[in-house]
Each structure stands twice: as C-alpha cells, then as structure tokens.
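Source file: entry-v3.csv; contents: CSV, C-alpha atoms and all ligand atoms.
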chain,number,residue,atom,x,y,z
A,1,MET,CA,82.8,35.6,-94.7
A,2,ALA,CA,85.5,33.7,-96.3
A,3,THR,CA,85.7,30.8,-98.7
A,4,ARG,CA,87.6,27.8,-97.2
A,5,THR,CA,89.5,25.1,-99.1
A,6,ILE,CA,87.6,21.9,-99.6
A,7,LEU,CA,89.6,18.8,-98.8
A,8,THR,CA,89.5,16.1,-101.5
A,9,LEU,CA,90.1,12.4,-101.8
A,10,PRO,CA,92.5,10.9,-100.6
A,11,ASP,CA,93.1,13.5,-97.9
A,12,PRO,CA,93.2,11.4,-94.6
A,13,ARG,CA,91.5,14.3,-92.7
A,14,LEU,CA,88.2,13.3,-94.5
A,15,ARG,CA,88.3,10.1,-92.4
A,16,LEU,CA,88.4,11.9,-89.0
A,17,VAL,CA,85.4,11.4,-86.7
A,18,SER,CA,84.0,14.9,-85.9
A,19,LYS,CA,83.6,16.1,-82.4
A,20,PRO,CA,80.2,17.3,-81.0
A,21,VAL,CA,79.6,21.0,-80.7
A,22,ALA,CA,79.3,21.9,-77.0
A,23,LYS,CA,78.0,25.4,-77.6
A,24,VAL,CA,76.7,27.4,-80.6
A,25,ASP,CA,79.0,30.4,-80.1
A,26,ALA,CA,80.5,33.1,-82.4
A,27,GLU,CA,83.2,30.7,-83.6
A,28,ILE,CA,80.5,28.2,-84.8
A,29,ARG,CA,78.4,31.0,-86.4
A,30,LYS,CA,81.5,32.2,-88.3
A,31,LEU,CA,82.3,28.6,-89.4
A,32,VAL,CA,78.7,28.2,-90.6
A,33,GLU,CA,78.9,31.5,-92.6
A,34,ASP,CA,82.1,30.3,-94.2
A,35,MET,CA,80.7,26.9,-95.0
A,36,PHE,CA,77.7,28.5,-96.8
A,37,GLU,CA,80.0,30.7,-98.8
A,38,THR,CA,82.2,27.7,-99.7
A,39,MET,CA,79.2,25.5,-100.5
A,40,TYR,CA,77.5,28.1,-102.7
A,41,GLY,CA,80.8,28.9,-104.4
A,42,ALA,CA,81.6,25.3,-105.3
A,43,PRO,CA,78.6,24.9,-106.0
A,44,GLY,CA,77.1,22.1,-103.9
A,45,ILE,CA,73.9,21.2,-102.0
A,46,GLY,CA,75.6,20.0,-98.8
A,47,LEU,CA,78.8,20.4,-96.8
A,48,ALA,CA,80.1,19.0,-93.6
A,49,ALA,CA,82.6,21.1,-91.6
A,50,VAL,CA,85.2,18.3,-91.7
A,51,GLN,CA,85.3,18.8,-95.5
A,52,VAL,CA,86.9,22.2,-94.8
A,53,GLY,CA,89.3,20.7,-92.3
A,54,VAL,CA,87.2,21.4,-89.2
A,55,PRO,CA,86.2,18.1,-87.5
A,56,LYS,CA,83.2,19.5,-85.7
A,57,ARG,CA,79.6,18.1,-86.1
A,58,VAL,CA,78.3,20.9,-88.3
A,59,VAL,CA,76.4,20.5,-91.6
A,60,THR,CA,75.0,23.0,-94.0
A,61,THR,CA,72.6,22.2,-96.9
A,62,ASP,CA,70.6,24.0,-99.5
A,63,LEU,CA,68.4,21.8,-101.7
A,64,ALA,CA,66.7,24.7,-103.5
A,65,LYS,CA,66.6,24.3,-107.3
A,66,LYS,CA,68.1,27.0,-109.5
A,67,ASP,CA,64.9,28.8,-110.0
A,68,GLU,CA,63.8,28.6,-106.4
A,69,PRO,CA,64.8,31.0,-103.6
A,70,LYS,CA,67.7,30.0,-101.4
A,71,ASN,CA,67.0,27.6,-98.6
A,72,PRO,CA,70.0,27.5,-96.3
A,73,LYS,CA,69.8,25.0,-93.5
A,74,VAL,CA,72.2,24.3,-90.6
A,75,TYR,CA,72.3,21.1,-88.7
A,76,ILE,CA,74.5,21.0,-85.6
A,77,ASN,CA,75.2,17.6,-83.9
A,78,PRO,CA,72.8,15.9,-86.3
A,79,GLU,CA,71.8,12.4,-85.1
A,80,LEU,CA,69.9,9.7,-87.0
A,81,LEU,CA,67.1,8.7,-84.7
A,82,TRP,CA,65.3,6.3,-87.1
A,83,ALA,CA,65.7,5.0,-90.6
A,84,SER,CA,63.1,3.2,-92.7
A,85,GLU,CA,63.5,-0.4,-94.0
A,86,GLU,CA,62.3,1.0,-97.3
A,87,ARG,CA,65.3,2.1,-99.4
A,88,ALA,CA,65.8,4.5,-102.2
A,89,ALA,CA,68.6,5.0,-104.7
A,90,TYR,CA,70.0,8.4,-105.7
A,91,GLU,CA,72.9,9.3,-107.8
A,92,GLU,CA,75.3,10.9,-105.3
A,93,GLY,CA,78.2,13.2,-105.7
A,94,CYS,CA,80.5,14.9,-103.2
A,95,LEU,CA,82.5,18.1,-103.2
A,96,SER,CA,85.4,16.1,-101.8
A,97,ILE,CA,85.3,13.7,-104.7
A,98,PRO,CA,84.8,16.2,-107.6
A,99,GLU,CA,83.1,15.1,-110.8
A,100,TYR,CA,82.4,11.5,-109.6
A,101,TYR,CA,78.8,10.3,-109.4
A,102,GLU,CA,77.5,7.0,-108.5
A,103,GLU,CA,74.1,5.5,-107.5
A,104,VAL,CA,73.8,4.8,-103.7
A,105,GLU,CA,71.0,3.0,-102.0
A,106,ARG,CA,70.0,4.2,-98.5
A,107,PRO,CA,66.9,4.2,-96.2
A,108,ALA,CA,64.2,6.2,-98.0
A,109,HIS,CA,62.9,7.9,-94.8
A,110,VAL,CA,64.8,9.1,-91.8
A,111,LYS,CA,64.2,11.0,-88.5
A,112,VAL,CA,67.0,13.3,-87.5
A,113,ARG,CA,67.6,15.3,-84.3
A,114,TYR,CA,69.9,18.3,-84.4
A,115,THR,CA,70.6,21.6,-82.8
A,116,ASP,CA,69.8,24.8,-84.8
A,117,LEU,CA,71.9,28.0,-85.0
A,118,ASP,CA,70.0,29.4,-82.0
A,119,GLY,CA,71.0,26.4,-79.9
A,120,ASN,CA,67.6,24.9,-79.9
A,121,GLU,CA,67.0,21.2,-80.3
A,122,GLN,CA,64.9,20.2,-83.4
A,123,GLU,CA,63.6,17.0,-85.0
A,124,ILE,CA,62.7,16.5,-88.6
A,125,GLU,CA,61.4,13.7,-90.7
A,126,ALA,CA,62.9,13.6,-94.1
A,127,ASN,CA,62.4,11.7,-97.3
A,128,GLY,CA,63.5,12.0,-100.9
A,129,LEU,CA,66.6,14.0,-101.6
A,130,LEU,CA,66.7,15.5,-98.1
A,131,ALA,CA,66.9,12.1,-96.5
A,132,THR,CA,69.7,11.1,-98.8
A,133,CYS,CA,71.6,14.4,-98.3
A,134,LEU,CA,71.3,14.2,-94.5
A,135,GLN,CA,72.6,10.7,-94.4
A,136,HIS,CA,75.4,11.6,-96.7
A,137,GLU,CA,76.4,14.5,-94.5
A,138,ILE,CA,76.1,12.6,-91.2
A,139,ASP,CA,78.3,10.0,-92.7
A,140,HIS,CA,81.0,12.7,-93.3
A,141,LEU,CA,80.9,13.5,-89.5
A,142,ASN,CA,81.7,9.8,-88.9
A,143,GLY,CA,84.6,9.8,-91.4
A,144,VAL,CA,82.4,7.9,-94.0
A,145,LEU,CA,82.3,8.8,-97.7
A,146,PHE,CA,79.5,7.9,-100.2
A,147,ILE,CA,82.0,5.7,-102.0
A,148,ASP,CA,82.1,3.5,-99.0
A,149,HIS,CA,78.5,2.4,-100.0
A,150,ILE,CA,79.4,1.4,-103.5
A,151,SER,CA,81.0,-1.8,-104.7
A,152,LYS,CA,84.6,-2.5,-103.7
A,153,LEU,CA,85.7,-2.6,-107.3
A,154,LYS,CA,84.2,0.8,-108.1
A,155,ARG,CA,85.5,2.2,-104.9
A,156,SER,CA,89.1,1.1,-105.4
A,157,ARG,CA,89.0,2.4,-108.9
A,158,VAL,CA,87.9,5.9,-107.9
A,159,ILE,CA,90.4,6.0,-104.9
A,160,LYS,CA,93.2,5.0,-107.3
A,161,LYS,CA,92.2,7.7,-109.8
A,162,PHE,CA,92.3,10.4,-107.1
A,163,ALA,CA,95.5,9.2,-105.5
A,164,LYS,CA,97.2,9.3,-108.9
A,165,ALA,CA,95.9,12.8,-109.6
A,166,ALA,CA,97.2,13.9,-106.1
A,167,ARG,CA,100.6,12.4,-106.8
A,168,ARG,CA,100.8,14.2,-110.1
A,169,GLU,CA,100.0,17.5,-108.4
A,170,THR,CA,102.8,16.9,-105.8
A,171,GLU,CA,105.3,16.1,-108.6
A,172,GLU,CA,104.4,19.2,-110.5
A,173,ALA,CA,104.8,21.3,-107.4
A,174,GLU,CA,108.3,19.9,-106.8
A,201,NI,NI,80.0,14.8,-99.5

Mind turning this structure into structure tokens?
Ligand code: NI
Amino acid sequence: MATRTILTLPDPRLRLVSKPVAKVDAEIRKLVEDMFETMYGAPGIGLAAVQVGVPKRVVTTDLAKKDEPKNPKVYINPELLWASEERAAYEEGCLSIPEYYEEVERPAHVKVRYTDLDGNEQEIEANGLLATCLQHEIDHLNGVLFIDHISKLKRSRVIKKFAKAARRETEEAE
C-alpha cells in the first residue's frame, strides 16, 4: 500500500471526466488499496480516484464514526439511477478543498448502481450522509466539485483563495 498525493483546488485535473473501469483487475485493486490508505491518512470519509490523479470511475468511502469499527466501501462505475424530489442540506467538505466547509442541498434519497471489488453489479438505496457522500463522489467522477453547488459569490471567493495560495507556493519554490 502507498499513500498517494491528493490534488487540490485549482488543479485542472480535478475537472477531468473519469473513464469507466472495464475490468476489476489487480491494477484496480492496488488503486483501491492506495485510495483507502490515502483517505484514512487524510483523514476523510470519501475519495474519488481522480482526486489522486487517476481519472477512473472508482470511489472509496468509510462513514463509520470514530468509536465505530471501520466500514470501508468501494464503488466502481457508480451510477445514479434515481434521486428523490425531497432535498436535504449537509455541511460538505472535500479533501481537494482542505478546510473549507459549506452547506449544500441535494436530493435526500438516491438509488445507485455500482460494481463491487469482486466485479459483481450491486444496487443500493441511500439516504442521510451516505446519499450526500455518494452524490459528492459521483460528482467528482464527472469533474464536478461541491463548490459548484454553492452560490457564485461564495464559489469565486474560495477559488480565488486557493489560486492565491497555489501562486504563493510556486513563488516560494522558485
Ligand atoms: Ni470531495
């Protein structure tokens, strides 16, 4: 296992549309292992492969609370089959936009189809935090970030802040 570097805003690779996984092979299993190590190390509750620079439709999550046993889940080629009209708001964050949190409203219930690590097709119905998390991660696979769901003013503010920080880092490295 190896920890991979998490891309952060405004890295343009975060806007790539990820490609479907044709076969769950050793390379994908290695990617998943690394994603878990990276996600637990961050720490975070969800990670899309594109966040570590691999534009493939692979998502890892673990929504277990601190005092609960680990609950690692892998979603390959996840697809939103249905979303409720009813909406729910959650304060979201993202490992690619560190230390920035904002409330986002999304469908409260969703149905998702995905392939598991054994290559079997699965379907789940999710609500609460899992519904939000799956929608957030599926967005990543389509090059969409949670800040795309907040007001234009707030979004441009956070993009400006991260662009400025990135420029500062480049200047310091020169
Ligand atoms: Ni994210």

Nearby polymer residues, ligand NI 201 (chain A), at most 7 Å, only C-alpha atoms and all ligand atoms, as a ChimeraX atom specification: /A:46-47,93-96,136-137,140,145-146

Which of these residues is nearest to Pro55 in chain A, using all atoms listed in the file: A:Leu117, A:Ile76, A:Leu9, A:Leu141?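 Nearest candidate to Pro55 in chain A out of A:Leu117, A:Ile76, A:Leu9, A:Leu141: A:Leu141.
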
Residue nearest Asp25 in chain A among A:Ala173, A:Lys160, A:Asp116, A:Asp139 (counting only C-alpha atoms):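 Nearest to Asp25 in chain A: A:Asp116.
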
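Proximity to Pro78 in chain A was assessed for A:Leu129, A:Val52, A:Ile147, A:Val112 counting only C-alpha atoms; the smallest distance is recorded for A:Val112.
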
Between CA of Asp11 in chain A and CA of Val58 in chain A, distance in Å (one decimal):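 Rounded to one decimal, the two atoms are 19.1 Å apart.
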
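If only C-alpha atoms are the atoms counted, then among A:Thr38, A:Asn120, A:Asn142, A:Asn71 the closest residue to Lys56 in chain A is A:Asn142.
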
Pick from A:Glu33, A:Glu105, A:Asp67, A:Asp118: nearest to Glu85 in chain A, with all atoms listed in the file counted?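 Checking each of A:Glu33, A:Glu105, A:Asp67, A:Asp118 against Glu85 in chain A, counting all atoms listed in the file, the winner is A:Glu105.
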
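A straight line drawn from CA of Thr170 in chain A to CA of Pro12 in chain A is 15.7 Å long.
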
Cut-off 8 Å around (83.6, 34.9, -93.8) with all atoms listed in the file: residues as a compact mmCIF listing (two decimals) with C-alpha atoms, keeping the file's coordinate frame:
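Once written, out_36.txt looks like this:
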# COMPACT_ATOMS: atom_id res chain seq x y z
CA MET A 1 82.80 35.60 -94.70
CA ALA A 2 85.50 33.70 -96.30
CA THR A 3 85.70 30.80 -98.70
CA LYS A 30 81.50 32.20 -88.30
CA LEU A 31 82.30 28.60 -89.40
CA GLU A 33 78.90 31.50 -92.60
CA ASP A 34 82.10 30.30 -94.20
CA GLU A 37 80.00 30.70 -98.80

Between A:Ala49, A:Arg87, A:Leu134, A:Phe36, which residue has the minimum interatomic distance to Pro72 in chain A, considering only C-alpha atoms?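 Using only C-alpha atoms, Pro72 in chain A sits closest to A:Phe36.
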
Between CA of Gly53 in chain A and CA of Leu130 in chain A - distance in Å to one decimal: 23.9 Å

List as a list in words the protein and nucleic acid residues near Glu102 in chain A, meaning an atom at most 12 Å away when all atoms listed in the file are counted, but skip any in the same chain fewer than 5 places from it. Ala89, Tyr90, Glu91, Glu92, Gly93, Cys94, Ile97, Leu145, Phe146, Ile147, Asp148, His149, Ile150, Ser151, Lys154, Arg155 and Val158 of chain A

Within 12 Å of (70.2, 18.6, -81.7), only C-alpha atoms: residues as a PyMOL selection string? chain A and resi 20-24+57-59+74-81+111-124

Find the residues near range 42-45 of chain A: any atom within 7 Å, counting only C-alpha atoms, skip ones fewer than 2 places away on the same chain, and give them as a list in words. Thr38, Met39, Tyr40, Thr61, Asp62, Leu63 and Leu95 of chain A

Take range 11-33 of chain A, model N, CA and C atoms, and hand the result over as a PDB file, in the coordinates of the input.
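Generated file (rebuild-v8.pdb):
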ATOM      1  N   ASP A  11      92.663  12.817 -99.107  1.00  0.00           N
ATOM      2  CA  ASP A  11      93.100  13.500 -97.900  1.00  0.00           C
ATOM      3  C   ASP A  11      92.635  12.724 -96.638  1.00  0.00           C
ATOM      4  N   PRO A  12      93.581  12.275 -95.799  1.00  0.00           N
ATOM      5  CA  PRO A  12      93.200  11.400 -94.600  1.00  0.00           C
ATOM      6  C   PRO A  12      92.312  12.176 -93.630  1.00  0.00           C
ATOM      7  N   ARG A  13      92.323  13.513 -93.663  1.00  0.00           N
ATOM      8  CA  ARG A  13      91.500  14.300 -92.700  1.00  0.00           C
ATOM      9  C   ARG A  13      89.995  14.047 -92.950  1.00  0.00           C
ATOM     10  N   LEU A  14      89.647  13.591 -94.180  1.00  0.00           N
ATOM     11  CA  LEU A  14      88.200  13.300 -94.500  1.00  0.00           C
ATOM     12  C   LEU A  14      87.743  12.083 -93.684  1.00  0.00           C
ATOM     13  N   ARG A  15      88.690  11.312 -93.132  1.00  0.00           N
ATOM     14  CA  ARG A  15      88.300  10.100 -92.400  1.00  0.00           C
ATOM     15  C   ARG A  15      88.228  10.352 -90.879  1.00  0.00           C
ATOM     16  N   LEU A  16      88.455  11.586 -90.442  1.00  0.00           N
ATOM     17  CA  LEU A  16      88.400  11.900 -89.000  1.00  0.00           C
ATOM     18  C   LEU A  16      86.904  11.818 -88.559  1.00  0.00           C
ATOM     19  N   VAL A  17      86.712  11.384 -87.323  1.00  0.00           N
ATOM     20  CA  VAL A  17      85.400  11.400 -86.700  1.00  0.00           C
ATOM     21  C   VAL A  17      85.238  12.787 -86.045  1.00  0.00           C
ATOM     22  N   SER A  18      84.202  13.537 -86.444  1.00  0.00           N
ATOM     23  CA  SER A  18      84.000  14.900 -85.900  1.00  0.00           C
ATOM     24  C   SER A  18      83.527  14.919 -84.502  1.00  0.00           C
ATOM     25  N   LYS A  19      83.930  15.967 -83.779  1.00  0.00           N
ATOM     26  CA  LYS A  19      83.600  16.100 -82.400  1.00  0.00           C
ATOM     27  C   LYS A  19      82.245  16.892 -82.224  1.00  0.00           C
ATOM     28  N   PRO A  20      81.428  16.525 -81.244  1.00  0.00           N
ATOM     29  CA  PRO A  20      80.200  17.300 -81.000  1.00  0.00           C
ATOM     30  C   PRO A  20      80.474  18.744 -80.681  1.00  0.00           C
ATOM     31  N   VAL A  21      79.547  19.608 -81.063  1.00  0.00           N
ATOM     32  CA  VAL A  21      79.600  21.000 -80.700  1.00  0.00           C
ATOM     33  C   VAL A  21      79.032  21.208 -79.343  1.00  0.00           C
ATOM     34  N   ALA A  22      79.807  21.768 -78.400  1.00  0.00           N
ATOM     35  CA  ALA A  22      79.300  21.900 -77.000  1.00  0.00           C
ATOM     36  C   ALA A  22      78.413  23.144 -76.922  1.00  0.00           C
ATOM     37  N   LYS A  23      78.745  24.194 -77.670  1.00  0.00           N
ATOM     38  CA  LYS A  23      78.000  25.400 -77.600  1.00  0.00           C
ATOM     39  C   LYS A  23      77.977  26.143 -78.907  1.00  0.00           C
ATOM     40  N   VAL A  24      76.819  26.654 -79.311  1.00  0.00           N
ATOM     41  CA  VAL A  24      76.700  27.400 -80.600  1.00  0.00           C
ATOM     42  C   VAL A  24      77.170  28.845 -80.251  1.00  0.00           C
ATOM     43  N   ASP A  25      78.447  29.091 -80.453  1.00  0.00           N
ATOM     44  CA  ASP A  25      79.000  30.400 -80.100  1.00  0.00           C
ATOM     45  C   ASP A  25      79.425  31.154 -81.402  1.00  0.00           C
ATOM     46  N   ALA A  26      80.102  32.272 -81.220  1.00  0.00           N
ATOM     47  CA  ALA A  26      80.500  33.100 -82.400  1.00  0.00           C
ATOM     48  C   ALA A  26      81.406  32.339 -83.327  1.00  0.00           C
ATOM     49  N   GLU A  27      82.261  31.479 -82.791  1.00  0.00           N
ATOM     50  CA  GLU A  27      83.200  30.700 -83.600  1.00  0.00           C
ATOM     51  C   GLU A  27      82.397  29.756 -84.550  1.00  0.00           C
ATOM     52  N   ILE A  28      81.355  29.126 -83.988  1.00  0.00           N
ATOM     53  CA  ILE A  28      80.500  28.200 -84.800  1.00  0.00           C
ATOM     54  C   ILE A  28      79.742  28.997 -85.837  1.00  0.00           C
ATOM     55  N   ARG A  29      79.213  30.149 -85.443  1.00  0.00           N
ATOM     56  CA  ARG A  29      78.400  31.000 -86.400  1.00  0.00           C
ATOM     57  C   ARG A  29      79.339  31.429 -87.557  1.00  0.00           C
ATOM     58  N   LYS A  30      80.589  31.752 -87.241  1.00  0.00           N
ATOM     59  CA  LYS A  30      81.500  32.200 -88.300  1.00  0.00           C
ATOM     60  C   LYS A  30      81.849  30.963 -89.204  1.00  0.00           C
ATOM     61  N   LEU A  31      82.035  29.805 -88.586  1.00  0.00           N
ATOM     62  CA  LEU A  31      82.300  28.600 -89.400  1.00  0.00           C
ATOM     63  C   LEU A  31      81.130  28.329 -90.321  1.00  0.00           C
ATOM     64  N   VAL A  32      79.883  28.472 -89.816  1.00  0.00           N
ATOM     65  CA  VAL A  32      78.700  28.200 -90.600  1.00  0.00           C
ATOM     66  C   VAL A  32      78.634  29.215 -91.807  1.00  0.00           C
ATOM     67  N   GLU A  33      78.912  30.482 -91.529  1.00  0.00           N
ATOM     68  CA  GLU A  33      78.900  31.500 -92.600  1.00  0.00           C
ATOM     69  C   GLU A  33      79.925  31.112 -93.692  1.00  0.00           C
TER      70      GLU A  33
END
